file final19.tsv (TSV, C-alpha atoms)
chain	number	residue	atom	x	y	z
F	1	MET	CA	13.79	-30.03	-1.29
F	2	LEU	CA	10.11	-30.47	-1.99
F	3	ASN	CA	8.15	-27.57	-3.38
F	4	VAL	CA	5.84	-26.08	-0.75
F	5	VAL	CA	2.86	-26.26	-3.13
F	6	ASN	CA	3.07	-29.92	-4.11
F	7	SER	CA	5.02	-31.48	-1.25
F	8	GLU	CA	1.93	-32.98	0.40
F	9	ASP	CA	0.70	-34.47	-2.89
F	10	ILE	CA	4.12	-36.04	-3.59
F	11	LEU	CA	4.35	-37.55	-0.11
F	12	MET	CA	0.88	-39.06	-0.42
F	13	ARG	CA	1.55	-40.45	-3.89
F	14	LEU	CA	4.71	-42.13	-2.61
F	15	GLY	CA	2.68	-43.73	0.14
F	16	TYR	CA	4.21	-41.85	3.07
F	17	ASP	CA	2.30	-40.86	6.17
F	18	PHE	CA	3.33	-37.57	7.69
F	19	ILE	CA	2.48	-34.87	10.19
F	20	LYS	CA	2.34	-31.28	8.98
F	21	ARG	CA	2.96	-28.22	11.07
F	22	VAL	CA	2.46	-24.69	9.73
F	23	ASP	CA	3.82	-21.59	11.46
F	24	ARG	CA	1.85	-18.75	9.94
F	25	SER	CA	3.63	-15.66	8.68
F	26	ILE	CA	3.79	-12.58	10.89
F	27	GLU	CA	4.35	-9.15	9.39
F	28	PRO	CA	4.72	-5.77	11.13
F	29	ARG	CA	2.21	-3.04	10.47
F	30	LYS	CA	2.82	-1.03	7.33
F	31	THR	CA	2.50	2.68	6.70
F	32	ASN	CA	1.19	4.59	3.70
F	33	THR	CA	4.72	5.73	2.82
F	34	ARG	CA	6.44	3.86	0.00
F	35	PHE	CA	10.17	3.67	-0.59
F	36	ILE	CA	9.79	5.52	-3.89
F	37	ASP	CA	8.12	8.39	-2.03
F	38	ILE	CA	11.39	8.95	-0.16
F	39	ALA	CA	13.93	7.75	-2.73
F	40	PRO	CA	12.70	8.22	-6.32
F	41	GLU	CA	16.05	6.93	-7.64
F	42	LEU	CA	15.04	3.45	-6.50
F	43	LYS	CA	12.13	3.37	-8.96
F	44	SER	CA	13.67	0.58	-11.05
F	45	LEU	CA	14.08	-1.68	-8.02
F	46	TRP	CA	11.42	-4.02	-6.64
F	47	ILE	CA	11.52	-2.33	-3.25
F	48	SER	CA	10.33	1.01	-4.66
F	49	SER	CA	6.64	0.10	-4.51
F	50	GLN	CA	6.86	-1.46	-1.04
F	51	GLU	CA	5.36	0.37	1.93
F	52	LEU	CA	7.59	1.06	4.93
F	53	TYR	CA	6.91	-0.80	8.15
F	54	GLU	CA	6.10	1.39	11.14
F	55	HIS	CA	9.44	0.71	12.81
F	56	GLN	CA	11.31	1.63	9.61
F	57	LEU	CA	9.52	4.97	9.35
F	58	LYS	CA	9.99	5.72	13.08
F	59	ALA	CA	13.72	4.94	12.80
F	60	LEU	CA	14.06	7.16	9.74
F	61	GLU	CA	12.23	10.04	11.40
F	62	ALA	CA	14.40	9.75	14.54
F	63	LEU	CA	17.61	9.73	12.52
F	64	ASP	CA	16.39	12.67	10.43
F	65	LYS	CA	15.90	14.62	13.67
F	66	GLY	CA	19.52	14.00	14.61
F	67	PHE	CA	18.96	11.31	17.25
F	68	SER	CA	20.91	8.10	17.72
F	69	ILE	CA	18.75	5.00	17.69
F	70	ILE	CA	18.60	1.41	18.80
F	71	LEU	CA	16.30	-0.41	16.39
F	72	LYS	CA	15.07	-3.68	17.86
F	73	SER	CA	13.23	-5.79	15.34
F	74	GLY	CA	13.21	-9.34	14.03
F	75	THR	CA	15.53	-10.72	11.38
F	76	GLY	CA	14.26	-9.94	7.91
F	77	SER	CA	12.19	-6.93	9.00
F	78	GLY	CA	14.14	-4.35	6.99
F	79	LYS	CA	16.41	-2.76	9.61
F	80	THR	CA	19.05	-2.18	6.91
F	81	GLU	CA	16.64	-0.17	4.76
F	82	ALA	CA	15.68	1.99	7.76
F	83	TRP	CA	19.15	3.47	8.24
F	84	PHE	CA	19.97	3.43	4.53
F	85	LEU	CA	17.04	5.75	3.76
F	86	HIS	CA	18.55	8.25	6.19
F	87	PHE	CA	21.93	7.78	4.54
F	88	TYR	CA	20.22	8.40	1.18
F	89	LYS	CA	18.60	11.64	2.30
F	90	ARG	CA	21.77	13.02	3.86
F	91	PHE	CA	23.85	12.01	0.82
F	92	LYS	CA	21.42	13.85	-1.47
F	93	GLU	CA	21.94	16.95	0.66
F	94	ASP	CA	25.73	16.58	0.81
F	95	SER	CA	27.68	14.18	-1.40
F	96	ARG	CA	30.50	14.24	1.17
F	97	PHE	CA	28.33	12.44	3.74
F	98	ARG	CA	30.26	9.58	5.36
F	99	ALA	CA	29.08	6.45	7.14
F	100	ILE	CA	30.54	3.19	8.41
F	101	ALA	CA	28.47	0.01	8.77
F	102	ILE	CA	29.95	-2.76	10.93
F	103	TYR	CA	28.76	-6.36	10.63
F	104	PRO	CA	30.05	-9.22	12.83
F	105	THR	CA	31.27	-11.01	9.69
F	106	LEU	CA	30.99	-9.83	6.11
F	107	ALA	CA	30.20	-13.36	4.94
F	108	LEU	CA	27.09	-13.59	7.13
F	109	ALA	CA	26.02	-10.11	6.01
F	110	ASN	CA	26.30	-10.92	2.31
F	111	ASP	CA	22.59	-10.36	1.64
F	112	GLN	CA	22.50	-6.97	3.38
F	113	ILE	CA	25.71	-5.86	1.65
F	114	LYS	CA	24.33	-6.84	-1.73
F	115	ARG	CA	21.18	-4.79	-1.14
F	116	ILE	CA	23.16	-1.80	0.14
F	117	SER	CA	25.40	-1.94	-2.95
F	118	ILE	CA	22.39	-2.00	-5.28
F	119	TYR	CA	20.73	0.92	-3.50
F	120	SER	CA	23.98	2.92	-3.43
F	121	GLU	CA	24.62	2.35	-7.11
F	122	ALA	CA	21.19	3.76	-7.89
F	123	ILE	CA	22.08	7.06	-6.16
F	124	ASN	CA	25.78	7.13	-7.23
F	125	ALA	CA	27.08	6.83	-3.67
F	126	LYS	CA	30.45	5.10	-3.38
F	127	VAL	CA	30.52	1.98	-1.20
F	128	LEU	CA	33.71	0.24	-0.12
F	129	LYS	CA	33.55	-3.25	1.41
F	130	LEU	CA	36.77	-3.60	3.35
F	131	ASP	CA	38.33	-6.29	5.49
F	132	ALA	CA	41.94	-7.39	6.00
F	133	MET	CA	42.00	-9.68	2.98
F	134	TYR	CA	40.51	-7.14	0.56
F	135	ARG	CA	42.75	-4.39	1.95
F	136	ASP	CA	45.82	-6.50	1.14
F	137	GLU	CA	44.49	-7.14	-2.36
F	138	LEU	CA	43.97	-3.42	-2.91
F	139	VAL	CA	47.46	-2.57	-1.69
F	140	LYS	CA	48.95	-5.09	-4.13
F	141	ARG	CA	46.87	-3.73	-6.97
F	142	ILE	CA	46.88	0.05	-6.42
F	143	GLY	CA	49.40	0.57	-3.62
F	144	ALA	CA	49.05	2.19	-0.22
F	145	SER	CA	48.34	5.59	-1.75
F	146	GLY	CA	45.60	4.07	-3.89
F	147	LEU	CA	44.03	2.46	-0.82
F	148	LYS	CA	44.07	5.82	0.92
F	149	ARG	CA	42.26	7.41	-2.05
F	150	GLU	CA	39.66	4.62	-2.01
F	151	ILE	CA	38.96	5.13	1.68
F	152	LEU	CA	38.79	8.91	1.59
F	153	SER	CA	36.61	8.99	-1.52
F	154	SER	CA	34.04	6.53	-0.12
F	155	ASN	CA	30.68	7.58	1.25
F	156	LEU	CA	30.02	4.29	3.00
F	157	ILE	CA	32.53	1.74	4.29
F	158	ILE	CA	31.22	-1.71	5.20
F	159	THR	CA	33.53	-3.69	7.44
F	160	ASN	CA	33.82	-6.07	10.39
F	161	PRO	CA	34.99	-5.60	14.01
F	162	ALA	CA	38.31	-7.42	13.64
F	163	PHE	CA	39.43	-5.12	10.85
F	164	ILE	CA	38.13	-1.86	12.25
F	165	PHE	CA	39.47	-2.55	15.77
F	166	HIS	CA	42.90	-3.13	14.25
F	167	GLU	CA	42.64	0.15	12.35
F	168	ILE	CA	41.72	1.98	15.56
F	169	LYS	CA	44.89	0.66	17.19
F	170	LYS	CA	46.89	2.00	14.23
F	171	ILE	CA	45.18	5.36	14.52
F	172	LEU	CA	46.16	5.64	18.19
F	173	LEU	CA	49.77	4.96	17.20
F	174	LYS	CA	49.77	6.87	13.93
F	175	PRO	CA	47.08	9.58	13.65
F	176	SER	CA	47.99	10.24	10.01
F	177	SER	CA	46.35	7.00	8.77
F	178	PRO	CA	43.57	7.36	6.16
F	179	PHE	CA	41.00	5.99	8.57
F	180	HIS	CA	41.85	8.74	11.03
F	181	GLN	CA	40.88	11.28	8.39
F	182	PHE	CA	37.74	9.32	7.54
F	183	PHE	CA	36.68	9.15	11.18
F	184	LYS	CA	37.23	12.88	11.64
F	185	LYS	CA	34.49	13.56	9.09
F	186	LEU	CA	32.27	10.60	10.01
F	187	ASN	CA	28.55	11.38	10.09
F	188	LEU	CA	26.89	8.03	10.81
F	189	LEU	CA	28.06	4.87	12.58
F	190	VAL	CA	25.93	1.74	12.08
F	191	ILE	CA	26.43	-1.40	14.16
F	192	ASP	CA	24.35	-4.32	12.95
F	193	GLU	CA	23.59	-7.71	14.53
F	194	PHE	CA	24.48	-6.46	18.02
F	195	ASP	CA	23.09	-9.71	19.47
F	196	PHE	CA	25.95	-11.58	17.82
F	197	TYR	CA	28.65	-10.17	20.12
F	198	SER	CA	30.02	-11.82	23.25
F	199	PRO	CA	30.40	-9.73	26.46
F	200	ARG	CA	34.10	-9.21	25.67
F	201	SER	CA	33.31	-8.13	22.10
F	202	ILE	CA	30.63	-5.75	23.37
F	203	ALA	CA	33.15	-4.15	25.73
F	204	LEU	CA	35.56	-3.68	22.83
F	205	MET	CA	32.78	-2.25	20.65
F	206	LEU	CA	31.79	0.28	23.32
F	207	SER	CA	35.42	1.33	23.69
F	208	PHE	CA	35.64	1.66	19.90
F	209	ILE	CA	32.57	3.91	19.86
F	210	ASP	CA	34.04	6.08	22.58
F	211	ILE	CA	37.33	6.48	20.69
F	212	VAL	CA	35.54	7.34	17.43
F	213	MET	CA	33.50	10.02	19.21
F	214	ASN	CA	36.73	11.61	20.43
F	215	ILE	CA	38.30	11.54	16.97
F	216	ALA	CA	35.36	12.98	15.02
F	217	ASP	CA	35.17	16.73	14.50
F	218	GLU	CA	31.40	16.51	15.10
F	219	LYS	CA	30.12	13.50	17.01
F	220	PRO	CA	28.31	11.25	14.52
F	221	GLN	CA	24.91	9.67	14.93
F	222	ILE	CA	24.82	6.02	15.93
F	223	ALA	CA	22.37	3.36	14.77
F	224	VAL	CA	22.50	0.03	16.59
F	225	LEU	CA	20.45	-2.77	15.04
F	226	THR	CA	19.38	-5.76	17.07
F	227	ALA	CA	16.79	-8.52	17.11
F	228	THR	CA	16.78	-9.62	20.75
F	229	LEU	CA	18.84	-7.22	22.90
F	230	ALA	CA	17.37	-7.48	26.41
F	231	ASN	CA	18.46	-4.09	27.77
F	232	PRO	CA	18.48	-1.54	24.92
F	233	GLU	CA	17.75	1.32	27.34
F	234	GLU	CA	21.10	0.81	29.10
F	235	LEU	CA	22.94	0.90	25.79
F	236	CYS	CA	21.01	4.03	24.83
F	237	MET	CA	22.23	5.75	28.00
F	238	PHE	CA	25.81	4.94	27.06
F	239	LEU	CA	25.32	6.27	23.52
F	240	GLU	CA	23.83	9.50	24.86
F	241	LYS	CA	26.82	9.95	27.13
F	242	VAL	CA	29.50	9.47	24.47
F	243	ALA	CA	27.69	10.95	21.45
F	244	LYS	CA	26.13	13.89	23.30
F	245	ARG	CA	22.85	13.46	21.49
F	246	GLN	CA	19.49	11.96	22.41
F	247	CYS	CA	19.07	8.23	21.84
F	248	ILE	CA	15.74	6.54	21.14
F	249	VAL	CA	14.83	2.85	21.37
F	250	ILE	CA	12.50	1.76	18.58
F	251	ASP	CA	10.73	-1.58	18.89
F	252	GLY	CA	9.52	-3.32	15.77
F	253	GLU	CA	6.84	-5.97	15.72
F	254	PRO	CA	7.80	-9.63	15.17
F	255	PHE	CA	8.52	-10.70	11.61
F	256	ARG	CA	8.33	-14.25	10.27
F	257	VAL	CA	7.70	-15.80	6.89
F	258	GLU	CA	5.39	-18.80	6.73
F	259	ASN	CA	7.22	-21.98	7.66
F	260	ARG	CA	5.97	-25.48	6.88
F	261	MET	CA	7.43	-28.54	8.54
F	262	TYR	CA	6.72	-32.11	7.50
F	263	ILE	CA	7.62	-35.01	9.76
F	264	VAL	CA	7.67	-38.10	7.56
F	265	LEU	CA	6.59	-41.05	9.70
F	266	GLY	CA	7.07	-43.86	7.24
F	267	LYS	CA	5.27	-45.87	4.57
F	268	ASN	CA	2.05	-47.86	4.86
F	269	LEU	CA	1.29	-46.86	8.44
F	270	TYR	CA	-2.39	-47.69	7.98
F	271	GLU	CA	-1.48	-51.29	7.12
F	272	ILE	CA	0.77	-51.47	10.20
F	273	TRP	CA	-2.01	-50.01	12.36
F	274	SER	CA	-4.48	-52.58	11.05
F	275	ARG	CA	-2.07	-55.40	11.91
F	276	VAL	CA	-1.42	-54.00	15.38
F	277	ARG	CA	-5.17	-53.88	16.05
F	278	GLY	CA	-5.23	-57.62	15.47
F	279	TYR	CA	-3.18	-58.02	18.64
F	280	ARG	CA	-5.58	-55.96	20.72
F	281	GLY	CA	-6.80	-58.90	22.85
F	282	TYR	CA	-3.25	-59.99	23.64
F	283	ILE	CA	-2.17	-56.43	24.43
F	284	GLU	CA	-5.07	-55.88	26.82
F	285	SER	CA	-4.48	-59.26	28.48
F	286	ARG	CA	-1.00	-58.08	29.44
F	287	GLY	CA	-2.51	-55.36	31.61
F	288	VAL	CA	-1.07	-52.43	29.70
F	289	GLU	CA	-0.79	-49.32	31.84
F	290	ASP	CA	0.22	-47.07	28.96
F	291	LYS	CA	-3.07	-45.42	27.96
F	292	ILE	CA	-1.46	-43.99	24.83
F	293	VAL	CA	-0.98	-47.49	23.42
F	294	ILE	CA	-4.62	-48.45	24.01
F	295	LYS	CA	-5.91	-45.17	22.59
F	296	ALA	CA	-3.73	-45.59	19.51
F	297	LEU	CA	-5.52	-48.86	18.70
F	298	ASP	CA	-8.81	-46.97	18.29
F	299	ASP	CA	-7.64	-43.78	16.53
F	300	PHE	CA	-5.42	-43.94	13.45
F	301	ASP	CA	-4.52	-40.24	13.53
F	302	PHE	CA	-3.48	-40.64	17.17
F	303	PHE	CA	-1.51	-43.75	16.21
F	304	LYS	CA	0.33	-41.75	13.51
F	305	ARG	CA	1.51	-39.26	16.10
F	306	ASN	CA	2.64	-41.98	18.49
F	307	ALA	CA	3.64	-44.75	16.07
F	308	TYR	CA	7.17	-45.14	17.35
F	309	ARG	CA	5.99	-45.34	20.95
F	310	VAL	CA	3.49	-48.09	20.11
F	311	ILE	CA	5.95	-50.07	17.99
F	312	GLN	CA	8.59	-49.79	20.70
F	313	PHE	CA	6.09	-51.12	23.25
F	314	LEU	CA	5.23	-54.06	21.03
call {"tool": "encode", "arguments": {"input": "final19.tsv", "output": "C-alpha cells"}}
result
Amino acid sequence: MLNVVNSEDILMRLGYDFIKRVDRSIEPRKTNTRFIDIAPELKSLWISSQELYEHQLKALEALDKGFSIILKSGTGSGKTEAWFLHFYKRFKEDSRFRAIAIYPTLALANDQIKRISIYSEAINAKVLKLDAMYRDELVKRIGASGLKREILSSNLIITNPAFIFHEIKKILLKPSSPFHQFFKKLNLLVIDEFDFYSPRSIALMLSFIDIVMNIADEKPQIAVLTATLANPEELCMFLEKVAKRQCIVIDGEPFRVENRMYIVLGKNLYEIWSRVRGYRGYIESRGVEDKIVIKALDDFDFFKRNAYRVIQFL
C-alpha cells in the first residue's frame, strides 16, 4: 500500500494519471472529562489523556444511575470504553462485580477484546475469554473442576452467542452448572454489534436475555451496543419489561477517520488526449451525439474522468 503522505508524489513520478477523492474525518463532540479523571489506574495507557465523547459520558452516567442502555454510535466511536468505565467503577466498589460481554464472533472482536484485557489488567480485574474451543482446552489442561473455578473467579467473561446459548440449554437441564452460579450473581450484561444478528438470532438473543433475568438473584443491567439499529426504542421497551429497570437510548454522532481513495486511470493520458484531439475533425464529421466525447476533446481534466468512455467510443 502507498503511504498516504507520499502516494500522490509516487503516482506522478511514475507517470500515472489519477483521480483523488477524500472523505474528511468526522468526530463526535468531546467533553472536558478525561479517562484518567474517572480511572486513574489507566494513567500508563495512551487512552488516559483522551477526552470522553458526549455519547460515552452519557452512557456512563446512565449506567451509573442503574439504567439499561442502548448505545447507538458508529464503528470506532468508543462504545466499548463507555460500558467498561462503568464496569471499572463498580469493580472498584465491589471486587465481586460480574459482567458478561457477548460478541457475534470473538475473531471479529479481537481489537475490542485486546483493549478490554489491557484495561482490566491495569485494575486487576479477571477477564476470561471463553468459547467452545477454549473451554475444551481448559478442561484438558485443568479439568472440569478447574474450569468451574476459572468461571466463578472471573469478573468479566467475554464470549459469543453460539457458546453462551449452548450453556443456557445446559443450565435449563442441569441448574448446578458453573454458569448457572455465575448468572445468579450477574450484574451487567453487554451485547455488542447487535446489527450483526439475523432476525432468528435476535429472537434467540431476546429469549436468552429473558432466561438470564429469571436466573439472576437481582436483575442485571443491560447494555446493547449498535451502529445502525433502526428501532432502538422497541428494543428498549423489551429490556424494560424483562429487566424491570428504565432503559435509555443514547445516540452518538457519526464517526469516521479520513479516507483517501485514488483511482489510477493509466499512464501518459495527456499524450493519448493530444492524439485523440488530432481526430477532432473526423469525430465531428461523424455527427457525434455524445456531448461528453466532444467536451472531453477541449478539457483534459474532463477527459481524465471520462477516458474509458471516449476510448470506447473511438
call {"tool": "residues_around", "arguments": {"input": "final19.tsv", "residues": "Val264 in chain F", "least_positions_apart": "2", "cutoff": "12 Å", "atoms": "all atoms listed in the file", "output": "list in words"}}
result
Ser7, Glu8, Ile10, Leu11, Met12, Leu14, Gly15, Tyr16, Asp17, Phe18, Ile19, Lys20, Arg21, Met261, Tyr262, Gly266, Lys267, Asn268, Leu269, Lys304, Arg305 and Ala307 of chain F
call {"tool": "closest_residue", "arguments": {"input": "final19.tsv", "among": "F:Ile215, F:Met133, F:Phe179, F:Asp94", "to": "Lys148 in chain F", "atoms": "all atoms listed in the file"}}
result
F:Phe179
call {"tool": "closest_residue", "arguments": {"input": "final19.tsv", "among": "F:Phe255, F:Phe84, F:Tyr197, F:Phe97", "to": "Ala39 in chain F", "atoms": "only C-alpha atoms"}}
result
F:Phe84
call {"tool": "closest_residue", "arguments": {"input": "final19.tsv", "among": "F:Gly281, F:Gly143, F:Pro175, F:Pro28", "to": "Gly74 in chain F", "atoms": "all atoms listed in the file"}}
result
F:Pro28
call {"tool": "atom_distance", "arguments": {"input": "final19.tsv", "atom1": "CA of Ile26 in chain F", "atom2": "CA of Pro40 in chain F"}}
result
28.4 Å
call {"tool": "residues_around", "arguments": {"input": "final19.tsv", "residues": "Glu167 in chain F", "least_positions_apart": "2", "cutoff": "12 Å", "atoms": "all atoms listed in the file", "output": "number ranges by chain"}}
result
F: 130-132, 135, 159-165, 169-183, 208, 211-212
call {"tool": "residues_around", "arguments": {"input": "final19.tsv", "residues": "His55 in chain F", "least_positions_apart": "6", "cutoff": "9 Å", "atoms": "all atoms listed in the file", "output": "PDB file with C-alpha atoms, keeping the file's coordinate frame"}}
result
ATOM      1  CA  PRO F  28       4.720  -5.770  11.130  1.00  0.00           C
ATOM      2  CA  ARG F  29       2.210  -3.040  10.470  1.00  0.00           C
ATOM      3  CA  LYS F  30       2.820  -1.030   7.330  1.00  0.00           C
ATOM      4  CA  LEU F  71      16.300  -0.410  16.390  1.00  0.00           C
ATOM      5  CA  LYS F  72      15.070  -3.680  17.860  1.00  0.00           C
ATOM      6  CA  SER F  73      13.230  -5.790  15.340  1.00  0.00           C
ATOM      7  CA  SER F  77      12.190  -6.930   9.000  1.00  0.00           C
ATOM      8  CA  LYS F  79      16.410  -2.760   9.610  1.00  0.00           C
ATOM      9  CA  ALA F  82      15.680   1.990   7.760  1.00  0.00           C
ATOM     10  CA  ILE F 250      12.500   1.760  18.580  1.00  0.00           C
ATOM     11  CA  ASP F 251      10.730  -1.580  18.890  1.00  0.00           C
ATOM     12  CA  GLY F 252       9.520  -3.320  15.770  1.00  0.00           C
ATOM     13  CA  GLU F 253       6.840  -5.970  15.720  1.00  0.00           C
TER      14      GLU F 253
END
call {"tool": "atom_distance", "arguments": {"input": "final19.tsv", "atom1": "CA of Asp136 in chain F", "atom2": "CA of Arg115 in chain F"}}
result
24.8 Å
